[in-house]
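Structure first, then comments.
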Protein chains: 2
Amino acid sequence: MNKKDSGLKSERILDVAEELFALHGYDGVTMRQISTGAQVDVALANYHFGKKLDLFYAVFHRRAELLGNTRREVLRNSLEVASGQPQTLEQIIEAFLLPLKFAQESGDPGWKNYMALLAYVMTSPVWSKTLMKNNFDKHVSEFIEALKIIFPTAKEEDLHWCYHYVSGALALTLAQTGRIDRLSGGKCHSSDFDAAYQRMIPFMAAGFRAVCEK
Amino acid sequence: MNKKDSGLKSERILDVAEELFALHGYDGVTMRQISTGAQVDVALANYHFGKKLDLFYAVFHRRAELLGNTRREVLRNSLEVASGQPQTLEQIIEAFLLPLKFAQESGDPGWKNYMALLAYVMTSPVWSKTLMKNNFDKHVSEFIEALKIIFPTAKEEDLHWCYHYVSGALALTLAQTGRIDRLSGGKCHSSDFDAAYQRMIPFMAAGFRAVCEK
DNA sequence: CACTATATTCAACGCTTGTTGAAAAAACAA
DNA sequence: TTGTTTTTTCAACAAGCGTTGAATATAGTG
């Protein structure tokens with residue numbers, strides 16, 4: 001077995017852990033389920049990543065940085081395209097909804113699993129206070145600042161609550177619970193991030209204007 | 001110990017379980033944590049409610065029916081008030097956001113815990129497919145039907161996705177993660193359901209009109 | 001080849017888990 | 001009071017948990 005294969009094993013552990021954590025949460029997954037899924041010994045996950053909590057962090061961090069950097073990049077690029085002018089509200093929302101495009105366009109099923117994991121972390125009172133704070137909050141502040149330029153007279157409370165609504169809608173989309181499939185009688189699909197993405201931009205933009213533009 | 005006290009013990013178990021399940025999820029809570037919190041023996045929870053999963057169901061069902069019935073009642077009452085005419089979009093959204101008012105107005109902290117539990121169930125790919133389907137889906141269908149009257153020419157896909165956004169924003173609000181407190185620098189509070197409720201109605205109404213009114 | 005470092009497995013540890021049957025206590029009925 | 005039923009505790013079970021140290025295999029190096 002060569003170096004490449006050994007690298008594959010540790011990545012297989014991350015992939016399986018990612019999928020299982022997203023589906024059942026941190027406590028709903030055992031190290032043995034992960035190692036069985038990855039077809040490795042149960043001790044190997046400990047060897048590569050340390051304790052179970054460290055493995056969870058490793059899974060979360062693997063794609064968090066890439067996602068955060070890309071998000072910021074898109075936000076700033078759209079600022080440059082607008083050549084100094086304040087960018088449009090739609091552009092800001094679009095940059096924020098990047099995870100949806102991201103998972104859609106990369107065929108990688110791992111990204112879809114990670115999106116569900118992100119939803120789990122976002123909506124958990126426990127994880128939100130640690131993982132979201134350390135990995136995503138600083139990027140979000142940039143969005144809020146951009147929004148302040150668009151709505152200079154808006155109250156900060158209004159701005160933050162509106163952002164909160166976008167964040168919630170995004171989280172439920174990323175979670176891919178399958179509920180919309182059922183409720184719509186098969187007309188919509190949780191996995192169809194593109195459909196969610198397209199409608200979300202005008203929806204949220206209109207909501208912002210209704211609350212923050214007075 | 002009289003009958004009333006014994007009733008209190010079983011309810012104390014439900015209350016503690018509700019709080020812990022909402023905070024840590026089903027797998028993140030042990031029977032011993034629950035019984036310790038309720039100051040009873042471990043075996044008592046089994047005696048009253050059966051297995052752990054049955055206890056979880058009991059916790060969820062306790063307030064689900066009341067909430068569902070009230071929701072439907074409010075929706076139908078607002079239909080009568082409008083005296084046969086199609087009710088306004090704002091009225092429909094208001095009826096749907098009832099859980100927020102519900103938890104706000106009842107001083108009962110148990111209701112706030114239940115709201116967080118509801119958020120956990122809504123955003124979980126596993127629980128959503130069983131608990132939401134059996135307890136809430138039928139009520140939601142009434143909302144969708146009411147929305148179809150408001151937007152007779154809208155595509156059903158648009159309607160369902162817009163409902164999905166409202167549902168997501170509601171879920172994140174119910175979860176009370178404390179994130180908005182941090183991001184807003186203390187200007188907003190997760191526990192302030194009233195603030196979330198007030199802004200949500202115009203926000204979502206505008207979103208619906210932007211997507212479904214063309 | 002031999003030597004070293006890394007990767008992986010094996011076997012087991014102490015601990016916690018959900019659950020249960022029997023004992024004890026309390027409440028109720030006569 | 002005595003007898004009966006319901007409630008609560010006690011003690012323990014088998015199974016599963018995360019974790020680890022030692023043994024084995026593989027890869028890299030000279």
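Residue numbering restarts at 1 for every chain of the structure tokens, chains are lettered A, B, ... in their displayed order, and ligands are numbered from 1 as they appear.
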Among the residues of stretch 27-124 of chain B, find those DSSP assigns to helix (DSSP H, G or I) from the backbone and print them as a compact mmCIF listing (two decimals) with C-alpha atoms, in the first residue's frame.
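File states.txt, as written:
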# COMPACT_ATOMS: atom_id res chain seq x y z
CA MET B 31 -31.79 8.70 30.52
CA ARG B 32 -29.66 9.30 33.57
CA GLN B 33 -29.21 12.98 32.77
CA ILE B 34 -32.97 13.29 32.50
CA SER B 35 -33.72 11.41 35.70
CA THR B 36 -31.04 13.28 37.58
CA GLY B 37 -32.45 16.59 36.39
CA ALA B 38 -35.93 15.55 37.41
CA VAL B 42 -33.53 6.20 36.31
CA ALA B 43 -36.14 3.47 36.11
CA LEU B 44 -39.04 5.83 36.60
CA ALA B 45 -38.91 7.30 33.14
CA ASN B 46 -39.14 3.80 31.70
CA TYR B 47 -42.08 3.00 33.97
CA HIS B 48 -44.07 6.03 32.85
CA PHE B 49 -43.13 6.37 29.21
CA LYS B 52 -36.22 6.30 25.41
CA LEU B 53 -37.69 6.78 21.95
CA ASP B 54 -41.19 6.65 23.40
CA LEU B 55 -40.23 9.30 25.92
CA PHE B 56 -38.99 11.48 23.08
CA TYR B 57 -42.27 11.01 21.24
CA ALA B 58 -44.21 11.78 24.42
CA VAL B 59 -42.31 15.02 24.84
CA PHE B 60 -42.91 16.00 21.25
CA HIS B 61 -46.60 15.09 21.22
CA ARG B 62 -47.44 16.79 24.48
CA ARG B 63 -47.55 20.26 22.94
CA ALA B 64 -47.76 19.39 19.25
CA GLU B 65 -51.48 18.80 19.20
CA LEU B 66 -52.32 21.99 21.08
CA LEU B 67 -50.09 23.98 18.78
CA GLY B 68 -51.49 22.43 15.62
CA ASN B 69 -55.09 22.89 16.66
CA THR B 70 -54.58 26.50 17.65
CA ARG B 71 -52.87 27.20 14.39
CA ARG B 72 -55.69 25.80 12.34
CA GLU B 73 -58.22 27.61 14.46
CA VAL B 74 -56.50 30.95 13.94
CA LEU B 75 -56.30 30.39 10.21
CA ARG B 76 -59.99 29.56 9.96
CA ASN B 77 -61.05 32.36 12.26
CA SER B 78 -59.21 34.89 10.16
CA LEU B 79 -61.06 33.43 7.18
CA GLU B 80 -64.39 34.12 8.87
CA VAL B 81 -63.39 37.60 9.89
CA LEU B 89 -51.41 37.48 2.85
CA GLU B 90 -50.32 39.09 6.09
CA GLN B 91 -53.06 37.29 7.99
CA ILE B 92 -51.98 33.93 6.63
CA ILE B 93 -48.35 34.49 7.52
CA GLU B 94 -49.35 35.74 10.94
CA ALA B 95 -51.30 32.57 11.62
CA PHE B 96 -48.36 30.50 10.51
CA LEU B 98 -48.19 31.58 15.75
CA PRO B 99 -45.54 29.51 17.60
CA LEU B 100 -43.57 32.70 18.12
CA LYS B 101 -46.46 34.55 19.73
CA PHE B 102 -47.36 31.42 21.61
CA ALA B 103 -44.00 31.11 23.33
CA GLN B 104 -43.73 34.82 23.84
CA GLU B 105 -47.06 35.36 25.52
CA PRO B 109 -40.25 28.52 29.87
CA GLY B 110 -41.36 25.03 28.87
CA TRP B 111 -42.83 26.50 25.70
CA LYS B 112 -39.54 28.14 24.80
CA ASN B 113 -37.81 24.83 25.26
CA TYR B 114 -40.40 23.16 23.09
CA MET B 115 -39.87 25.73 20.36
CA ALA B 116 -36.17 24.88 20.31
CA LEU B 117 -37.09 21.21 20.17
CA LEU B 118 -39.36 21.94 17.25
CA ALA B 119 -36.50 23.69 15.46
CA TYR B 120 -34.31 20.65 16.08
CA VAL B 121 -36.93 18.33 14.62
CA MET B 122 -37.66 20.61 11.65
CA THR B 123 -34.04 20.80 10.58
Residues of chain B within 8 Å of chain A, only C-alpha atoms counted, as a count of residues only: 55
Where does chain D meet chain B within 9 Å, residue by residue, with the nearest atom pair and distance in Å to one decimal for each, counting only C-alpha atoms (C1' of nucleotides), listed by chain and rising number, as CSV?
residue,atom,partner,partner_atom,distance
D:DT7,C1',B:Ser6,CA,7.1
D:DT8,C1',B:Leu44,CA,6.8
D:DT9,C1',B:Asp41,CA,6.5
Proximal residues of chain C relative to chain A (only C-alpha atoms (C1' of nucleotides); 8 Å) as a PyMOL selection string: chain C and resi 7-9
9 Å contact set for stretch 10-23 of chain D, only C-alpha atoms (C1' of nucleotides), chain neighbours under 5 positions out, as a list in words: Thr30, Met31, Ala43, Asn46, Lys51 and Lys52 of chain A; DT9, DC10, DC13, DC15, DT16, DT17, DT19, DT20, DA22, DA23 and DA24 of chain C
Writing out the chosen residues with N, CA and C atoms (P, O5', C5', C4', C3', O3' and C1' of nucleotides) as a compact mmCIF listing (two decimals), in the first residue's frame:
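Result saved to result38.txt:
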# COMPACT_ATOMS: atom_id res chain seq x y z
N THR A 30 -21.22 6.86 16.04
CA THR A 30 -20.14 6.26 16.82
C THR A 30 -18.89 6.11 15.97
N MET A 31 -17.76 6.06 16.66
CA MET A 31 -16.50 5.87 15.96
C MET A 31 -16.51 4.58 15.15
N ALA A 43 -9.36 2.02 15.39
CA ALA A 43 -8.29 2.81 16.00
C ALA A 43 -7.67 3.82 15.03
N ASN A 46 -8.61 7.53 15.41
CA ASN A 46 -7.90 8.14 16.54
C ASN A 46 -6.46 8.48 16.17
N LYS A 51 -9.09 12.57 19.19
CA LYS A 51 -10.35 12.16 19.80
C LYS A 51 -11.53 12.45 18.89
N LYS A 52 -12.67 11.91 19.26
CA LYS A 52 -13.86 12.04 18.44
C LYS A 52 -14.19 13.51 18.16
P DT C 9 -6.59 -1.09 8.67
O5' DT C 9 -6.16 -2.16 9.78
C5' DT C 9 -5.36 -3.27 9.41
C4' DT C 9 -4.94 -4.03 10.66
C3' DT C 9 -6.10 -4.63 11.48
O3' DT C 9 -5.96 -6.03 11.53
C1' DT C 9 -4.53 -3.52 12.88
P DC C 10 -7.19 -6.92 12.09
O5' DC C 10 -6.70 -7.26 13.57
C5' DC C 10 -5.32 -7.52 13.79
C4' DC C 10 -5.06 -7.69 15.29
C3' DC C 10 -6.23 -8.22 16.10
O3' DC C 10 -5.81 -9.35 16.84
C1' DC C 10 -5.37 -6.25 17.10
P DC C 13 -8.57 -6.85 29.64
O5' DC C 13 -8.63 -5.41 30.31
C5' DC C 13 -7.51 -4.50 30.21
C4' DC C 13 -8.01 -3.07 30.30
C3' DC C 13 -9.29 -2.89 31.07
O3' DC C 13 -9.00 -2.94 32.47
C1' DC C 13 -9.33 -1.57 29.06
P DC C 15 -13.11 3.15 35.59
O5' DC C 15 -14.31 3.72 34.69
C5' DC C 15 -14.00 4.49 33.53
C4' DC C 15 -15.25 4.65 32.68
C3' DC C 15 -16.53 4.84 33.49
O3' DC C 15 -17.10 6.10 33.15
C1' DC C 15 -16.82 3.24 31.75
P DT C 16 -18.36 6.69 33.92
O5' DT C 16 -19.51 6.53 32.85
C5' DT C 16 -19.27 6.95 31.51
C4' DT C 16 -20.39 6.43 30.62
C3' DT C 16 -21.79 6.63 31.19
O3' DT C 16 -22.55 7.39 30.26
C1' DT C 16 -21.50 4.42 30.40
P DT C 17 -24.03 7.80 30.52
O5' DT C 17 -24.87 6.79 29.62
C5' DT C 17 -24.62 6.72 28.22
C4' DT C 17 -25.28 5.48 27.64
C3' DT C 17 -26.71 5.28 28.07
O3' DT C 17 -27.57 5.98 27.20
C1' DT C 17 -25.48 3.21 28.10
P DT C 19 -34.33 2.00 26.04
O5' DT C 19 -34.38 0.76 27.03
C5' DT C 19 -33.66 -0.42 26.68
C4' DT C 19 -33.74 -1.43 27.81
C3' DT C 19 -35.12 -1.58 28.46
O3' DT C 19 -35.62 -2.89 28.18
C1' DT C 19 -33.38 -1.52 30.08
P DT C 20 -37.12 -3.26 28.61
O5' DT C 20 -36.86 -4.14 29.93
C5' DT C 20 -35.79 -5.07 29.94
C4' DT C 20 -35.63 -5.68 31.33
C3' DT C 20 -36.97 -5.89 32.08
O3' DT C 20 -37.02 -7.21 32.57
C1' DT C 20 -35.44 -4.74 33.45
P DA C 22 -38.92 -11.33 38.70
O5' DA C 22 -38.43 -10.78 40.13
C5' DA C 22 -37.04 -10.73 40.41
C4' DA C 22 -36.79 -9.81 41.61
C3' DA C 22 -37.84 -9.95 42.72
O3' DA C 22 -37.20 -9.89 43.99
C1' DA C 22 -37.73 -7.71 42.02
P DA C 23 -38.00 -10.16 45.33
O5' DA C 23 -37.83 -8.78 46.13
C5' DA C 23 -36.53 -8.28 46.37
C4' DA C 23 -36.60 -6.83 46.81
C3' DA C 23 -37.49 -6.58 48.03
O3' DA C 23 -36.82 -5.75 48.95
C1' DA C 23 -38.15 -5.18 46.25
P DA C 24 -37.39 -5.57 50.43
O5' DA C 24 -37.93 -4.08 50.42
C5' DA C 24 -37.08 -3.03 50.02
C4' DA C 24 -37.89 -1.79 49.75
C3' DA C 24 -38.84 -1.36 50.87
O3' DA C 24 -38.52 -0.03 51.25
C1' DA C 24 -39.93 -1.32 48.77
Atom-to-atom span, atom CA of A:Glu213 and atom CA of A:Phe136, Å: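 So the two atoms, atom CA of A:Glu213 and atom CA of A:Phe136, lie 27.0 Å apart.
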Long-range neighbours of D:DG28 as a list in words, 9 Å cut-off, only C-alpha atoms (C1' of nucleotides), 4 positions minimum in chain: DT4, DA5 and DT6 of chain C
